[in-house]
Structure formats: C-alpha cells, structure tokens
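K.L.:
Next up, my_file14.txt (compact mmCIF, N, CA and C atoms and all ligand atoms).
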# COMPACT_ATOMS: atom_id res chain seq x y z
N MET A 1487 137.50 119.57 85.03
CA MET A 1487 138.40 119.31 86.15
C MET A 1487 137.96 118.10 86.95
N ASP A 1488 136.70 118.03 87.20
CA ASP A 1488 136.21 117.00 88.11
C ASP A 1488 136.05 115.67 87.40
N SER A 1489 137.14 114.98 87.26
CA SER A 1489 137.08 113.70 86.55
C SER A 1489 137.11 112.53 87.50
N LYS A 1490 137.06 112.82 88.78
CA LYS A 1490 137.14 111.73 89.75
C LYS A 1490 135.87 110.88 89.70
N ARG A 1491 136.04 109.60 89.79
CA ARG A 1491 134.90 108.69 89.75
C ARG A 1491 134.73 108.05 91.12
N TYR A 1492 133.49 107.84 91.45
CA TYR A 1492 133.21 107.22 92.74
C TYR A 1492 132.47 105.91 92.51
N LYS A 1493 132.78 104.94 93.31
CA LYS A 1493 132.11 103.66 93.16
C LYS A 1493 130.94 103.57 94.13
N CYS A 1494 129.77 103.31 93.60
CA CYS A 1494 128.59 103.16 94.43
C CYS A 1494 128.72 101.89 95.26
N SER A 1495 128.43 102.03 96.55
CA SER A 1495 128.56 100.86 97.42
C SER A 1495 127.42 99.87 97.24
N LYS A 1496 126.40 100.26 96.47
CA LYS A 1496 125.26 99.36 96.26
C LYS A 1496 125.39 98.59 94.95
N CYS A 1497 125.54 99.34 93.84
CA CYS A 1497 125.56 98.66 92.54
C CYS A 1497 126.98 98.48 92.02
N MET A 1498 127.99 99.05 92.75
CA MET A 1498 129.40 98.89 92.43
C MET A 1498 129.78 99.44 91.06
N LYS A 1499 128.99 100.39 90.56
CA LYS A 1499 129.38 101.06 89.31
C LYS A 1499 130.05 102.38 89.63
N ASP A 1500 130.81 102.89 88.66
CA ASP A 1500 131.49 104.17 88.85
C ASP A 1500 130.61 105.33 88.39
N TYR A 1501 130.63 106.40 89.17
CA TYR A 1501 129.83 107.58 88.81
C TYR A 1501 130.64 108.84 89.05
N ALA A 1502 130.28 109.91 88.35
CA ALA A 1502 130.86 111.22 88.62
C ALA A 1502 130.32 111.74 89.95
N SER A 1503 131.02 112.72 90.50
CA SER A 1503 130.64 113.19 91.84
C SER A 1503 129.23 113.77 91.86
N SER A 1504 128.78 114.29 90.71
CA SER A 1504 127.44 114.88 90.68
C SER A 1504 126.35 113.81 90.77
N GLU A 1505 126.70 112.58 90.52
CA GLU A 1505 125.71 111.51 90.57
C GLU A 1505 125.81 110.70 91.86
N ILE A 1506 126.59 111.21 92.77
CA ILE A 1506 126.89 110.44 93.98
C ILE A 1506 126.38 111.18 95.21
N ARG A 1507 125.86 110.44 96.12
CA ARG A 1507 125.46 111.01 97.41
C ARG A 1507 126.08 110.17 98.52
N LEU A 1508 126.29 110.80 99.65
CA LEU A 1508 126.74 110.05 100.82
C LEU A 1508 125.52 109.67 101.64
N SER A 1509 125.42 108.42 101.95
CA SER A 1509 124.33 107.98 102.81
C SER A 1509 124.66 108.37 104.24
N PRO A 1510 123.65 108.36 105.15
CA PRO A 1510 123.88 108.79 106.53
C PRO A 1510 125.03 108.05 107.22
N ASN A 1511 125.29 106.84 106.82
CA ASN A 1511 126.43 106.14 107.43
C ASN A 1511 127.67 106.22 106.56
N SER A 1512 127.82 107.33 105.83
CA SER A 1512 129.04 107.66 105.09
C SER A 1512 129.39 106.67 103.99
N LYS A 1513 128.40 105.99 103.48
CA LYS A 1513 128.66 105.13 102.33
C LYS A 1513 128.33 105.89 101.05
N ILE A 1514 129.08 105.58 100.03
CA ILE A 1514 128.85 106.23 98.74
C ILE A 1514 127.75 105.49 98.00
N VAL A 1515 126.70 106.22 97.68
CA VAL A 1515 125.56 105.61 97.00
C VAL A 1515 125.20 106.48 95.81
N CYS A 1516 124.94 105.87 94.67
CA CYS A 1516 124.60 106.66 93.50
C CYS A 1516 123.13 107.11 93.58
N LEU A 1517 122.81 108.14 92.79
CA LEU A 1517 121.46 108.68 92.80
C LEU A 1517 120.44 107.63 92.37
N TYR A 1518 120.87 106.73 91.52
CA TYR A 1518 119.92 105.74 91.00
C TYR A 1518 119.54 104.73 92.08
N CYS A 1519 120.55 104.33 92.86
CA CYS A 1519 120.24 103.43 93.96
C CYS A 1519 119.41 104.16 95.01
N LEU A 1520 119.74 105.43 95.24
CA LEU A 1520 118.96 106.22 96.19
C LEU A 1520 117.52 106.34 95.71
N GLY A 1521 117.37 106.54 94.41
CA GLY A 1521 116.03 106.70 93.84
C GLY A 1521 115.19 105.46 94.04
N GLN A 1522 115.84 104.31 93.93
CA GLN A 1522 115.09 103.07 94.13
C GLN A 1522 114.67 102.90 95.58
N LYS A 1523 115.46 103.48 96.46
CA LYS A 1523 115.18 103.32 97.87
C LYS A 1523 114.20 104.36 98.39
N ALA A 1524 114.00 105.43 97.64
CA ALA A 1524 113.34 106.61 98.19
C ALA A 1524 111.82 106.53 98.12
N THR A 1525 111.26 105.37 98.08
CA THR A 1525 109.81 105.28 97.98
C THR A 1525 109.11 105.82 99.22
N ILE A 1526 109.80 105.80 100.35
CA ILE A 1526 109.17 106.26 101.60
C ILE A 1526 109.13 107.78 101.68
N GLU A 1527 110.15 108.43 101.09
CA GLU A 1527 110.18 109.88 101.20
C GLU A 1527 110.33 110.53 99.83
N PRO A 1528 109.24 110.74 99.14
CA PRO A 1528 109.30 111.36 97.81
C PRO A 1528 109.67 112.83 97.93
N LYS A 1529 110.92 113.12 97.63
CA LYS A 1529 111.44 114.48 97.77
C LYS A 1529 110.70 115.48 96.89
N GLN A 1530 110.33 115.04 95.69
CA GLN A 1530 109.75 115.96 94.71
C GLN A 1530 108.46 116.59 95.21
N GLU A 1531 107.76 115.88 96.07
CA GLU A 1531 106.46 116.37 96.48
C GLU A 1531 106.50 117.30 97.67
N ALA A 1532 107.70 117.59 98.12
CA ALA A 1532 107.82 118.42 99.31
C ALA A 1532 107.24 119.82 99.08
N LYS A 1533 107.31 120.30 97.84
CA LYS A 1533 106.84 121.66 97.56
C LYS A 1533 105.33 121.71 97.32
N LYS A 1534 104.76 120.60 96.96
CA LYS A 1534 103.32 120.58 96.68
C LYS A 1534 102.52 120.76 97.97
N PRO A 1535 101.36 121.32 97.87
CA PRO A 1535 100.52 121.42 99.07
C PRO A 1535 100.17 120.05 99.60
N VAL A 1536 100.33 119.89 100.86
CA VAL A 1536 100.08 118.59 101.47
C VAL A 1536 98.58 118.43 101.71
N VAL A 1537 98.05 117.34 101.22
CA VAL A 1537 96.62 117.11 101.34
C VAL A 1537 96.23 116.93 102.81
N ASN A 1538 97.09 116.22 103.50
CA ASN A 1538 96.76 115.88 104.88
C ASN A 1538 97.32 116.88 105.88
N GLU A 1539 97.33 118.12 105.50
CA GLU A 1539 97.95 119.11 106.37
C GLU A 1539 97.20 119.23 107.69
N GLU A 1540 97.98 119.39 108.71
CA GLU A 1540 97.41 119.45 110.06
C GLU A 1540 96.59 120.72 110.22
N MET A 1541 95.44 120.57 110.87
CA MET A 1541 94.59 121.72 111.15
C MET A 1541 94.81 122.16 112.59
N LEU A 1542 94.90 123.45 112.77
CA LEU A 1542 95.03 123.98 114.11
C LEU A 1542 93.72 124.65 114.51
N GLU A 1543 93.40 124.52 115.76
CA GLU A 1543 92.14 125.07 116.23
C GLU A 1543 92.40 126.36 117.00
N TYR A 1544 91.64 127.39 116.65
CA TYR A 1544 91.80 128.69 117.28
C TYR A 1544 90.49 129.09 117.95
N THR A 1545 90.62 129.91 118.97
CA THR A 1545 89.44 130.47 119.59
C THR A 1545 89.64 131.98 119.73
N CYS A 1546 88.61 132.72 119.38
CA CYS A 1546 88.67 134.17 119.53
C CYS A 1546 88.13 134.53 120.92
N GLY A 1547 88.97 135.24 121.69
CA GLY A 1547 88.56 135.60 123.04
C GLY A 1547 87.52 136.71 123.06
N ALA A 1548 87.41 137.45 121.98
CA ALA A 1548 86.48 138.57 121.95
C ALA A 1548 85.04 138.11 121.69
N CYS A 1549 84.86 137.20 120.72
CA CYS A 1549 83.51 136.78 120.36
C CYS A 1549 83.26 135.30 120.62
N LYS A 1550 84.28 134.60 121.14
CA LYS A 1550 84.18 133.17 121.48
C LYS A 1550 84.00 132.28 120.26
N TYR A 1551 84.25 132.83 119.11
CA TYR A 1551 84.14 132.04 117.89
C TYR A 1551 85.35 131.13 117.79
N SER A 1552 85.10 129.84 117.53
CA SER A 1552 86.24 128.94 117.37
C SER A 1552 86.22 128.35 115.96
N PHE A 1553 87.39 128.17 115.42
CA PHE A 1553 87.48 127.77 114.02
C PHE A 1553 88.80 127.05 113.81
N LYS A 1554 88.91 126.44 112.65
CA LYS A 1554 90.14 125.71 112.32
C LYS A 1554 90.79 126.31 111.09
N ARG A 1555 92.09 126.32 111.11
CA ARG A 1555 92.85 126.75 109.95
C ARG A 1555 94.00 125.76 109.73
N LYS A 1556 94.43 125.67 108.47
CA LYS A 1556 95.60 124.85 108.20
C LYS A 1556 96.81 125.42 108.90
N LYS A 1557 97.74 124.53 109.20
CA LYS A 1557 98.90 124.95 109.97
C LYS A 1557 99.71 126.01 109.24
N SER A 1558 99.74 125.94 107.92
CA SER A 1558 100.55 126.88 107.15
C SER A 1558 99.85 128.22 106.97
N PHE A 1559 98.58 128.26 107.30
CA PHE A 1559 97.82 129.49 107.14
C PHE A 1559 98.27 130.52 108.16
N VAL A 1560 98.59 131.72 107.68
CA VAL A 1560 99.01 132.77 108.60
C VAL A 1560 97.78 133.52 109.06
N LEU A 1561 97.48 133.34 110.32
CA LEU A 1561 96.25 133.90 110.86
C LEU A 1561 96.49 135.34 111.31
N THR A 1562 95.70 136.24 110.78
CA THR A 1562 95.90 137.65 111.15
C THR A 1562 94.75 138.19 111.98
N SER A 1563 93.55 137.70 111.75
CA SER A 1563 92.44 138.23 112.53
C SER A 1563 91.32 137.20 112.59
N CYS A 1564 90.42 137.40 113.52
CA CYS A 1564 89.28 136.50 113.66
C CYS A 1564 88.37 136.64 112.44
N PRO A 1565 87.99 135.54 111.80
CA PRO A 1565 87.14 135.62 110.60
C PRO A 1565 85.72 136.08 110.95
N TYR A 1566 85.38 136.06 112.20
CA TYR A 1566 84.01 136.41 112.59
C TYR A 1566 83.89 137.88 112.97
N CYS A 1567 84.75 138.32 113.90
CA CYS A 1567 84.64 139.70 114.37
C CYS A 1567 85.78 140.58 113.89
N GLY A 1568 86.81 139.97 113.30
CA GLY A 1568 87.89 140.76 112.71
C GLY A 1568 88.94 141.22 113.69
N LYS A 1569 88.80 140.87 114.94
CA LYS A 1569 89.81 141.29 115.91
C LYS A 1569 91.02 140.36 115.83
N ASN A 1570 92.16 140.92 116.13
CA ASN A 1570 93.37 140.10 116.03
C ASN A 1570 94.13 140.00 117.33
N ASP A 1571 93.63 140.60 118.39
CA ASP A 1571 94.41 140.60 119.63
C ASP A 1571 93.89 139.60 120.65
N SER A 1572 92.81 138.90 120.32
CA SER A 1572 92.24 137.98 121.31
C SER A 1572 92.27 136.53 120.85
N LEU A 1573 93.00 136.27 119.79
CA LEU A 1573 93.03 134.91 119.26
C LEU A 1573 93.97 134.03 120.06
N SER A 1574 93.51 132.85 120.36
CA SER A 1574 94.40 131.90 121.02
C SER A 1574 94.31 130.56 120.30
N GLN A 1575 95.40 129.87 120.30
CA GLN A 1575 95.47 128.60 119.60
C GLN A 1575 95.35 127.47 120.58
N LYS A 1576 94.48 126.55 120.28
CA LYS A 1576 94.36 125.37 121.12
C LYS A 1576 95.52 124.46 120.86
N LYS A 1577 96.11 123.99 121.92
CA LYS A 1577 97.32 123.17 121.78
C LYS A 1577 96.93 121.73 121.44
N SER A 1578 97.69 121.17 120.51
CA SER A 1578 97.52 119.75 120.24
C SER A 1578 98.89 119.15 120.02
N GLY A 1579 99.07 117.96 120.49
CA GLY A 1579 100.39 117.33 120.39
C GLY A 1579 100.77 117.04 118.96
N ASP A 1580 101.84 117.63 118.51
CA ASP A 1580 102.29 117.33 117.15
C ASP A 1580 103.78 116.95 117.16
N ALA A 1581 104.19 116.34 118.22
CA ALA A 1581 105.61 115.95 118.33
C ALA A 1581 106.00 114.96 117.24
N SER A 1582 105.04 114.14 116.83
CA SER A 1582 105.38 113.14 115.82
C SER A 1582 105.71 113.78 114.48
N ASN A 1583 105.06 114.89 114.20
CA ASN A 1583 105.35 115.60 112.95
C ASN A 1583 106.76 116.17 112.94
N ILE A 1584 107.15 116.75 114.07
CA ILE A 1584 108.49 117.33 114.15
C ILE A 1584 109.54 116.23 113.97
N LEU A 1585 109.27 115.09 114.56
CA LEU A 1585 110.20 113.98 114.44
C LEU A 1585 110.34 113.55 112.99
N LYS A 1586 109.22 113.43 112.30
CA LYS A 1586 109.25 113.02 110.90
C LYS A 1586 110.07 114.00 110.07
N ASP A 1587 109.90 115.29 110.35
CA ASP A 1587 110.63 116.33 109.64
C ASP A 1587 112.14 116.14 109.74
N SER A 1588 112.61 115.99 110.97
CA SER A 1588 114.05 115.93 111.16
C SER A 1588 114.63 114.64 110.57
N MET A 1589 113.82 113.59 110.51
CA MET A 1589 114.32 112.34 109.96
C MET A 1589 114.48 112.42 108.45
N SER A 1590 113.53 113.07 107.78
CA SER A 1590 113.64 113.15 106.33
C SER A 1590 114.77 114.08 105.92
N ARG A 1591 115.19 114.94 106.82
CA ARG A 1591 116.26 115.86 106.47
C ARG A 1591 117.62 115.18 106.42
N GLN A 1592 117.73 114.01 107.00
CA GLN A 1592 119.01 113.33 106.96
C GLN A 1592 119.45 113.03 105.53
N TYR A 1593 118.50 112.82 104.68
CA TYR A 1593 118.82 112.50 103.30
C TYR A 1593 119.02 113.74 102.45
N ASP A 1594 118.78 114.87 103.02
CA ASP A 1594 118.65 116.09 102.23
C ASP A 1594 119.93 116.90 102.18
N PHE A 1595 121.03 116.27 101.72
CA PHE A 1595 122.25 117.07 101.60
C PHE A 1595 123.03 116.78 100.34
ZN ZN B 1 124.30 102.54 92.73
ZN ZN B 2 86.19 137.08 117.05
Show me the file's structure as structure tokens.

P.N.:
Amino acid sequence: MDSKRYKCSKCMKDYASSEIRLSPNSKIVCLYCLGQKATIEPKQEAKKPVVNEEMLEYTCGACKYSFKRKKSFVLTSCPYCGKNDSLSQKKSGDASNILKDSMSRQYDF
C-alpha cells in the first residue's frame, strides 16, 4: 500500500516513508543523510553502560559513612551498617545533563 515516495531535502533522492525522517524544522531528510550527520549523538550506544556515568555521593546518618554510587545504581541500604532509613544524598548540580537529555530527544521520533 505504502508506495508514496518522499524526496530528501539534503540529497534530493526519493525514498520510501520507512527511510525518511522529519528533521526538527519539518524538513524531510533520509536516514542516510541523518546517519552522516549523527556523529554527535550516536543513538546505538544509548543502551550501553555509559563509561562516564555520573557518581552521586551519599552519607549515612546512622554511621556517618559516606560513599559514592553511580547514578543508575538503586541504593537500598548503607553498605557499611546496612541501615536504609538514614541515607541522604549530597546534592550536586547536574542541570547540564538534563539539558543534554532533552536535546538529544528531538531527533528521537
Ligand atoms: Zn538524503
Ligand atoms: Zn551506615
């Protein structure tokens, strides 16, 4: 059914709808042109563990033990005394990370 062809605004070739994406400014761009442009945001690696993952610092109020865990780590109890009701997280500014996240999502549709 889907025999409609779309012309890429970059390379001016015709593609099927499955090979076409809309750029943020509503231009039709083919996957190949997008692929050439996507060096800044490698989509494929989004699922891989990030090497440079942000570390969060925690302090246990019960034993005063402080330690660091990766941001994705789900903290359930203090590794030193095992208590889970006295843990507090030290705040650190990570606004730049949130910004980066929302920007890469523009391409993700
Ligand atoms: Zn193209
Ligand atoms: Zn503790």

K.L.:
What residues have any atom no more than 7 Å from ligand ZN 2 (chain B) when counting only N, CA and C atoms and all ligand atoms, and can you list them as a ChimeraX atom specification?

P.N.:
/A:1545-1551,1563-1569

K.L.:
List all protein, DNA and RNA residues that have an atom no more than 7 Å from any atom of ligand ZN 1 (chain B), counting only N, CA and C atoms and all ligand atoms, and report them as an NGL selection string.

P.N.:
:A and (1493-1499 or 1514-1520)

K.L.:
What is the distance, in Å and to one decimal place, between atom N of Asn1570 in chain A and CA of Asn1538 in chain A?

P.N.:
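Distance between the two atoms: 27.8 Å.
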
K.L.:
Please determine, counting only C-alpha atoms, which residue among A:Gln1575, A:Ser1504, A:Ser1489, A:Ser1509 has the shortest atom-to-atom distance to Arg1555 in chain A.

P.N.:
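The closest residue to Arg1555 in chain A is A:Gln1575.
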
K.L.:
Measure the distance from atom C of Ser1512 in chain A to atom N of Lys1490 in chain A in Å and round it to one decimal.

P.N.:
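Taking atom C of Ser1512 in chain A as the start and atom N of Lys1490 in chain A as the end point, the length is 18.1 Å.
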
K.L.:
How many Å separate atom C of Ser1574 in chain A from atom C of Tyr1544 in chain A?

P.N.:
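A separation of 4.7 Å between them.
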
K.L.:
Would you list the contacts of Lys1557 in chain A as a short mmCIF file (atom, residue, chain, number, x, y, z; two decimals) with N, CA and C atoms, in the frame of the given file, taking every protein, DNA or RNA residue within 6 Å and counting only C-alpha atoms, but skipping same-chain residues closer than 2 positions in sequence?

P.N.:
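Generated file (part34.cif):
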data_model
loop_
_atom_site.label_atom_id
_atom_site.label_comp_id
_atom_site.auth_asym_id
_atom_site.auth_seq_id
_atom_site.Cartn_x
_atom_site.Cartn_y
_atom_site.Cartn_z
N GLU A 1540 97.98 119.39 108.71
CA GLU A 1540 97.41 119.45 110.06
C GLU A 1540 96.59 120.72 110.22
N MET A 1541 95.44 120.57 110.87
CA MET A 1541 94.59 121.72 111.15
C MET A 1541 94.81 122.16 112.59
N LEU A 1542 94.90 123.45 112.77
CA LEU A 1542 95.03 123.98 114.11
C LEU A 1542 93.72 124.65 114.51
N PHE A 1559 98.58 128.26 107.30
CA PHE A 1559 97.82 129.49 107.14
C PHE A 1559 98.27 130.52 108.16
#

K.L.:
What parts of range 1490-1572 of chain A does DSSP call alpha helix (DSSP H)? I'd like the answer as a list in words.

P.N.:
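Taking range 1490-1572 of chain A and keeping alpha helix (DSSP H) only, one gets Leu1517, Tyr1518, Cys1519, Leu1520, Gly1521, Gln1522 and Lys1523 of chain A.
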
K.L.:
Might I get the box with edges along x, y and z of the file that holds all atoms of range 1490-1506 of chain A listed there, padded by 3 Å on every side, given as centre and edge lengths in Å to one decimal, as AutoDock Vina command-line options?

P.N.:
--center_x 131.2 --center_y 106.7 --center_z 92.9 --size_x 17.9 --size_y 22.4 --size_z 15.1
